[in-house]
Amino acid sequence: MQANLDRVHERITKAARVAGRLESEVALVAVSKAFPGEAVLAAVGCGQRDFGENYVQEAIDKIARVRQAAPDAPVQWHFIGPIQSNKTRQIAEHFQWAQSVDRLKVAERLSQQRPEDQPALNVLLQVNISGEETKSGVATDEVAPLAAEVARLPRLVLRGLMAVPEPESEPGRQVEPLLRMKALFDSLRPLHPRWDTLSLGMSADLEAAVAAGSTMVRVGTAVFGARERSAA
């Protein structure tokens with residue numbers, strides 16, 4: 001686990017250096033979906049603090065397990081999968097970040113259901129930057145009005161944007177949607193005081209995402225290895 005994390009950080013460092021940036025400008029979210037709680041605890045033991053989950057119940061089981069085994073570790077949990085309306089309460093109660101908000105109704109439910117005794121929930125708007133019919137996310141021309149509505153909701157802090165571009169193996173085509181995301185992010189930043197997070201990049205396109213300006217990469221395979229379908 002430590003060796004995998006070290007390799008990922010080396011990739012981030014190298015990509016940041018090439019882009020004239022600092023590694024500290026890019027946060028690593030270890031995507032732990034479908035990996036057991038023991039794998040998360042091993043990563044926590046290596047100093048990893050941010051974890052991404054797609055499946056609510058699986059995540060809640062792991063959150064409880066990690067809290068019991070490492071109660072003093074300042075772990076941050078990021079929900080990164082499609083958000084169903086009937087799952088918003090669980091996300092609002094158990095996560096620190098909701099990266100995949102793409103509808104006002106979902107944001108309103110998260111706002112209403114965030115417990116008063118917890119800090120405001122950090123929110124990113126998911127953008128369907130490649131225009132894929134089968135992928136979640138708001139269309140680019142709808143981001144600004146949605147952001148304005150979400151920013152007004154209590155118990156939420158709008159932090160920026162997230163996207164999962166259509167996979168591309170050719171570097172030039174890989175970076176194009178990432179640059180469009182950065183331009184969209186920069187265009188809205190002056191309107192939102194806490195707007196500081198652009199979540200782009202996974203194991204296959206980490207370098208391109210850092211070059212484009214990502215401030216947060218979501219990496220699963222390169223950290224945990226090949227996935228096996230598993231509960232917490």
# chains A, B, ... in the order shown; residues from 1 in each chain; ligands from 1
$ select_by_dssp --residues "range 72-175 of chain A" --states "strand (DSSP E or B)" --output "list in words"
Gln76, Trp77, His78, Phe79, Trp97, Ala98, Gln99, Ser100, Val101, Leu121, Asn122, Val123, Leu124, Leu125, Gln126, Val127, Val138, Leu156, Val157, Leu158, Arg159, Gly160, Leu161, Met162 and Ala163 of chain A
$ closest_residue --among "A:Val210, A:Leu179, A:Val219, A:Val157" --to "Arg17 in chain A" --atoms "only C-alpha atoms"
A:Val210
$ closest_residue --among "A:Arg155, A:Lys135, A:Arg67, A:Lys87" --to "Pro115 in chain A" --atoms "only C-alpha atoms"
A:Arg155
$ closest_atom_pairs --of "range 10-32 of chain A" --to "range 37-46 of chain A" --cutoff "10 Å" --atoms "only C-alpha atoms" --output "Markdown table"
| residue | atom | partner | partner_atom | distance |
| --- | --- | --- | --- | --- |
| A:Ala30 | CA | A:Ala43 | CA | 8.5 |
| A:Val31 | CA | A:Val40 | CA | 9.5 |
| A:Ser32 | CA | A:Val40 | CA | 6.8 |
$ residues_around --residues "Leu184 in chain A" --least-positions-apart "6" --cutoff "9 Å" --atoms "only C-alpha atoms" --output "PyMOL selection string"
chain A and resi 140+143+161
$ write_last_selection --atoms "N, CA, C and O atoms" --output "compact mmCIF listing (two decimals), in the first residue's frame"
# COMPACT_ATOMS: atom_id res chain seq x y z
N THR A 140 -22.88 21.88 -19.72
CA THR A 140 -22.01 23.02 -19.44
C THR A 140 -22.77 24.34 -19.39
O THR A 140 -22.46 25.21 -18.57
N VAL A 143 -24.45 25.03 -15.91
CA VAL A 143 -23.66 25.04 -14.68
C VAL A 143 -23.82 26.36 -13.93
O VAL A 143 -24.04 26.37 -12.70
N LEU A 161 -16.13 22.28 -9.10
CA LEU A 161 -16.65 21.39 -10.13
C LEU A 161 -15.93 20.05 -10.15
O LEU A 161 -14.76 19.95 -9.76
$ residues_around --residues "range 90-97 of chain A" --least-positions-apart "5" --cutoff "7 Å" --atoms "only C-alpha atoms" --output "list in words"
Ile60, Gln76, Trp77, His78, Phe79, Leu110, Gln113, Arg114, Pro115, Leu121, Asn122 and Val123 of chain A
$ residues_around --residues "Ala222 in chain A" --least-positions-apart "4" --cutoff "12 Å" --atoms "only C-alpha atoms" --output "NGL selection string"
:A and (1-11 or 28-32 or 202-206 or 217-218 or 226-227)
$ write_last_selection --atoms "C-alpha atoms" --output "mmCIF file, in the first residue's frame"
data_model
loop_
_atom_site.group_PDB
_atom_site.id
_atom_site.type_symbol
_atom_site.label_atom_id
_atom_site.label_comp_id
_atom_site.auth_asym_id
_atom_site.auth_seq_id
_atom_site.Cartn_x
_atom_site.Cartn_y
_atom_site.Cartn_z
ATOM 1 C CA MET A 1 0.000 0.000 0.000
ATOM 2 C CA GLN A 2 2.736 2.459 0.940
ATOM 3 C CA ALA A 3 4.584 1.749 -2.299
ATOM 4 C CA ASN A 4 1.435 2.352 -4.350
ATOM 5 C CA LEU A 5 0.702 5.628 -2.578
ATOM 6 C CA ASP A 6 4.295 6.715 -3.033
ATOM 7 C CA ARG A 7 4.119 6.008 -6.767
ATOM 8 C CA VAL A 8 0.906 8.002 -7.127
ATOM 9 C CA HIS A 9 2.407 10.943 -5.246
ATOM 10 C CA GLU A 10 5.492 10.723 -7.447
ATOM 11 C CA ARG A 11 3.250 10.944 -10.518
ATOM 12 C CA LEU A 28 -5.363 12.901 -3.660
ATOM 13 C CA VAL A 29 -8.692 11.167 -3.076
ATOM 14 C CA ALA A 30 -8.177 7.390 -2.878
ATOM 15 C CA VAL A 31 -11.220 5.800 -4.511
ATOM 16 C CA SER A 32 -12.004 2.898 -2.210
ATOM 17 C CA MET A 202 -8.095 9.309 -12.356
ATOM 18 C CA SER A 203 -5.454 6.605 -12.656
ATOM 19 C CA ALA A 204 -5.349 6.743 -16.473
ATOM 20 C CA ASP A 205 -5.350 10.526 -17.005
ATOM 21 C CA LEU A 206 -3.808 11.894 -13.810
ATOM 22 C CA VAL A 217 -7.470 13.710 -8.424
ATOM 23 C CA ARG A 218 -9.541 10.604 -7.725
ATOM 24 C CA ALA A 226 -7.396 -4.304 -9.378
ATOM 25 C CA ARG A 227 -10.893 -4.234 -7.927
#
$ select_by_dssp --residues "range 7-167 of chain A" --states "helix (DSSP H, G or I)" --output "count of residues only"
70
$ closest_residue --among "A:Leu191, A:Ile63, A:Ala212, A:Met181" --to "Ile129 in chain A" --atoms "only C-alpha atoms"
A:Met181
$ closest_residue --among "A:Val175, A:Val66, A:Val150, A:Val18" --to "Asp102 in chain A" --atoms "only C-alpha atoms"
A:Val150
$ residues_around --residues "Ala27 in chain A" --least-positions-apart "3" --cutoff "8 Å" --atoms "only C-alpha atoms" --output "list in words"
Ser24, Thr215, Met216 and Val217 of chain A
$ closest_residue --among "A:Val138, A:Ala64, A:Val101, A:Leu200" --to "Lys182 in chain A" --atoms "only C-alpha atoms"
A:Leu200
$ atom_distance --atom1 "CA of Glu166 in chain A" --atom2 "CA of Ser130 in chain A"
5.9 Å
$ atom_distance --atom1 "CA of Leu158 in chain A" --atom2 "CA of Ala144 in chain A"
12.1 Å
